[in-house]
$ cat structure02.cif   # mmCIF, C-alpha atoms
data_data
loop_
_atom_site.group_PDB
_atom_site.id
_atom_site.type_symbol
_atom_site.label_atom_id
_atom_site.label_comp_id
_atom_site.auth_asym_id
_atom_site.auth_seq_id
_atom_site.Cartn_x
_atom_site.Cartn_y
_atom_site.Cartn_z
ATOM 1 C CA MET A 1 12.929 -0.085 22.386
ATOM 2 C CA ILE A 2 11.018 0.108 19.147
ATOM 3 C CA ASP A 3 9.544 3.553 18.565
ATOM 4 C CA GLY A 4 7.501 2.937 15.417
ATOM 5 C CA ILE A 5 8.001 2.071 11.771
ATOM 6 C CA GLY A 6 10.785 4.024 10.067
ATOM 7 C CA GLN A 7 10.569 2.492 6.607
ATOM 8 C CA ILE A 8 8.942 -0.385 4.748
ATOM 9 C CA ALA A 9 10.768 -1.878 1.752
ATOM 10 C CA ILE A 10 8.658 -3.247 -1.083
ATOM 11 C CA ARG A 11 10.421 -5.348 -3.697
ATOM 12 C CA VAL A 12 9.636 -4.295 -7.258
ATOM 13 C CA ARG A 13 10.967 -5.514 -10.608
ATOM 14 C CA ASP A 14 10.073 -2.430 -12.658
ATOM 15 C CA PRO A 15 10.900 0.663 -10.567
ATOM 16 C CA GLU A 16 9.410 3.062 -13.133
ATOM 17 C CA ALA A 17 6.040 1.280 -13.267
ATOM 18 C CA ALA A 18 5.998 0.946 -9.472
ATOM 19 C CA THR A 19 6.836 4.639 -9.006
ATOM 20 C CA ALA A 20 4.004 5.643 -11.337
ATOM 21 C CA PHE A 21 1.538 3.335 -9.547
ATOM 22 C CA TYR A 22 2.367 4.463 -6.011
ATOM 23 C CA ARG A 23 2.620 8.157 -6.976
ATOM 24 C CA ASP A 24 -0.059 8.577 -9.658
ATOM 25 C CA ILE A 25 -2.599 5.863 -8.811
ATOM 26 C CA LEU A 26 -2.344 5.535 -5.022
ATOM 27 C CA GLY A 27 -1.428 9.214 -4.622
ATOM 28 C CA LEU A 28 1.475 8.787 -2.192
ATOM 29 C CA ARG A 29 3.869 11.711 -1.844
ATOM 30 C CA PHE A 30 7.123 11.062 -3.717
ATOM 31 C CA LEU A 31 10.177 11.960 -1.626
ATOM 32 C CA PHE A 32 13.353 11.064 -3.577
ATOM 33 C CA ARG A 33 15.286 8.488 -5.600
ATOM 34 C CA ALA A 34 18.483 6.706 -4.595
ATOM 35 C CA GLY A 35 19.803 4.558 -7.430
ATOM 36 C CA PRO A 36 16.958 2.399 -8.716
ATOM 37 C CA SER A 37 14.916 2.859 -5.531
ATOM 38 C CA ALA A 38 12.095 5.367 -5.052
ATOM 39 C CA PHE A 39 10.978 6.657 -1.656
ATOM 40 C CA PHE A 40 7.505 7.850 -0.649
ATOM 41 C CA ASP A 41 5.861 9.290 2.444
ATOM 42 C CA CYS A 42 2.725 7.541 3.670
ATOM 43 C CA GLY A 43 1.436 9.383 6.728
ATOM 44 C CA GLY A 44 4.880 9.658 8.272
ATOM 45 C CA VAL A 45 6.025 6.141 7.315
ATOM 46 C CA ARG A 46 8.566 5.980 4.502
ATOM 47 C CA LEU A 47 8.085 3.387 1.764
ATOM 48 C CA MET A 48 11.086 2.271 -0.281
ATOM 49 C CA LEU A 49 10.355 0.677 -3.664
ATOM 50 C CA GLY A 50 13.257 -1.042 -5.341
ATOM 51 C CA PRO A 51 14.683 -4.232 -6.777
ATOM 52 C CA SER A 52 15.973 -6.874 -4.390
ATOM 53 C CA GLU A 53 19.620 -6.472 -3.485
ATOM 54 C CA ALA A 54 20.174 -10.215 -2.987
ATOM 55 C CA PRO A 55 18.327 -13.425 -3.958
ATOM 56 C CA GLU A 56 17.094 -14.010 -0.409
ATOM 57 C CA PHE A 57 15.140 -10.724 -0.609
ATOM 58 C CA ASP A 58 13.547 -11.469 -4.004
ATOM 59 C CA HIS A 59 10.014 -12.359 -2.909
ATOM 60 C CA PRO A 60 6.623 -10.618 -2.709
ATOM 61 C CA ALA A 61 6.339 -8.120 0.126
ATOM 62 C CA SER A 62 4.354 -8.424 3.299
ATOM 63 C CA ILE A 63 0.912 -6.871 3.039
ATOM 64 C CA VAL A 64 0.948 -3.130 3.656
ATOM 65 C CA TYR A 65 -2.384 -1.843 4.967
ATOM 66 C CA TYR A 66 -3.124 1.756 3.940
ATOM 67 C CA LYS A 67 -5.521 3.588 6.263
ATOM 68 C CA VAL A 68 -8.346 5.501 4.619
ATOM 69 C CA ALA A 69 -11.214 7.421 6.229
ATOM 70 C CA ASP A 70 -13.863 6.342 3.688
ATOM 71 C CA ILE A 71 -13.080 2.926 2.247
ATOM 72 C CA GLU A 72 -15.951 2.938 -0.249
ATOM 73 C CA ALA A 73 -14.867 6.300 -1.699
ATOM 74 C CA ALA A 74 -11.206 5.217 -1.858
ATOM 75 C CA HIS A 75 -12.220 1.927 -3.496
ATOM 76 C CA GLU A 76 -14.276 3.744 -6.153
ATOM 77 C CA GLN A 77 -11.554 6.316 -6.823
ATOM 78 C CA LEU A 78 -8.889 3.631 -7.318
ATOM 79 C CA ARG A 79 -11.223 1.499 -9.477
ATOM 80 C CA SER A 80 -11.760 4.558 -11.689
ATOM 81 C CA ARG A 81 -7.964 4.690 -12.102
ATOM 82 C CA GLY A 82 -7.877 1.089 -13.325
ATOM 83 C CA VAL A 83 -7.048 -0.767 -10.101
ATOM 84 C CA ALA A 84 -8.541 -4.267 -9.942
ATOM 85 C CA PHE A 85 -9.614 -5.349 -6.467
ATOM 86 C CA ARG A 86 -10.054 -8.942 -5.307
ATOM 87 C CA ALA A 87 -13.432 -8.005 -3.811
ATOM 88 C CA ALA A 88 -15.415 -4.977 -2.718
ATOM 89 C CA PRO A 89 -14.679 -3.498 0.722
ATOM 90 C CA HIS A 90 -15.947 -5.828 3.408
ATOM 91 C CA ARG A 91 -16.050 -6.065 7.192
ATOM 92 C CA VAL A 92 -13.358 -8.315 8.641
ATOM 93 C CA TYR A 93 -13.840 -7.689 12.361
ATOM 94 C CA LYS A 94 -16.033 -6.077 14.973
ATOM 95 C CA LEU A 95 -14.610 -5.131 18.368
ATOM 96 C CA GLY A 96 -17.175 -3.504 20.591
ATOM 97 C CA ASP A 97 -18.448 -0.477 18.694
ATOM 98 C CA VAL A 98 -15.638 -0.515 16.090
ATOM 99 C CA GLU A 99 -15.764 -2.362 12.770
ATOM 100 C CA GLY A 100 -12.682 -3.005 10.642
ATOM 101 C CA TRP A 101 -13.196 -2.931 6.873
ATOM 102 C CA MET A 102 -10.685 -4.063 4.206
ATOM 103 C CA ALA A 103 -10.290 -4.199 0.444
ATOM 104 C CA PHE A 104 -7.336 -5.996 -1.188
ATOM 105 C CA LEU A 105 -5.555 -5.085 -4.433
ATOM 106 C CA GLN A 106 -2.219 -5.689 -6.161
ATOM 107 C CA ASP A 107 0.488 -3.383 -7.437
ATOM 108 C CA PRO A 108 2.132 -3.915 -10.865
ATOM 109 C CA ASP A 109 4.614 -6.417 -9.341
ATOM 110 C CA GLY A 110 1.902 -8.594 -7.795
ATOM 111 C CA ASN A 111 2.489 -7.376 -4.237
ATOM 112 C CA THR A 112 -0.756 -7.556 -2.267
ATOM 113 C CA LEU A 113 -1.832 -4.256 -0.706
ATOM 114 C CA ALA A 114 -4.884 -3.445 1.374
ATOM 115 C CA LEU A 115 -7.059 -0.476 2.138
ATOM 116 C CA MET A 116 -8.309 -0.439 5.716
ATOM 117 C CA SER A 117 -10.834 1.647 7.552
ATOM 118 C CA GLU A 118 -12.138 1.507 11.092
ATOM 119 C CA ARG A 119 -15.676 2.718 11.748
ATOM 120 C CA ARG A 120 -17.409 3.499 15.006
ATOM 121 C CA MET A 121 -20.896 2.032 15.026
#
$ encode --input "structure02.cif" --output "structure tokens"
Amino acid sequence: MIDGIGQIAIRVRDPEAATAFYRDILGLRFLFRAGPSAFFDCGGVRLMLGPSEAPEFDHPASIVYYKVADIEAAHEQLRSRGVAFRAAPHRVYKLGDVEGWMAFLQDPDGNTLALMSERRM
């Protein structure tokens, strides 16, 4: 049975620019390099950034949603580092006394990423 997520691969064309963005802008913990690929820890989930190994894998990644406790503070901090967001953080769902908030951005390769935060109301 599936136990959780072991690793997420994100296709990048410029590994150096991607490494700088994920490490220096997003603040993810760099783990190691293997060839052109860079590996990061994101709350126990490993992210692998690297070029596609075959044409069938050369496409934008699925959206990775990064959990943050305070979405407004994270949004402001990343904006101050030059990240352009599609829109300000906004509520996308309400389930009982919990609201889900999102803000979408792109990495240097055009992969869509999201910040997400759940708030008890």
$ residues_around --input "structure02.cif" --residues "Leu49 (chain A)" --least-positions-apart "4" --cutoff "12 Å" --atoms "all atoms listed in the file" --output "ChimeraX atom specification"
/A:7-23,30-41,53,60-61,107-109,111
$ resolve_selection --input "structure02.cif" --expression "the PyMOL selection byres ((chain A and resi 73) around 12)" --output "PyMOL selection string"
chain A and resi 68-72+74-80+88-89+103+115-117
$ closest_residue --input "structure02.cif" --among "A:Ile63, A:Val92, A:Val98, A:Ile5" --to "Gly43 (chain A)" --atoms "only C-alpha atoms"
A:Ile5
$ closest_residue --input "structure02.cif" --among "A:Leu95, A:Gly4, A:Gln106, A:Ala84" --to "Val45 (chain A)" --atoms "only C-alpha atoms"
A:Gly4
$ atom_distance --input "structure02.cif" --atom1 "CA of Pro51 (chain A)" --atom2 "CA of Ala87 (chain A)"
28.5 Å
$ atom_distance --input "structure02.cif" --atom1 "CA of Ala114 (chain A)" --atom2 "CA of Lys94 (chain A)"
17.8 Å
$ atom_distance --input "structure02.cif" --atom1 "CA of Leu26 (chain A)" --atom2 "CA of Ser52 (chain A)"
22.1 Å
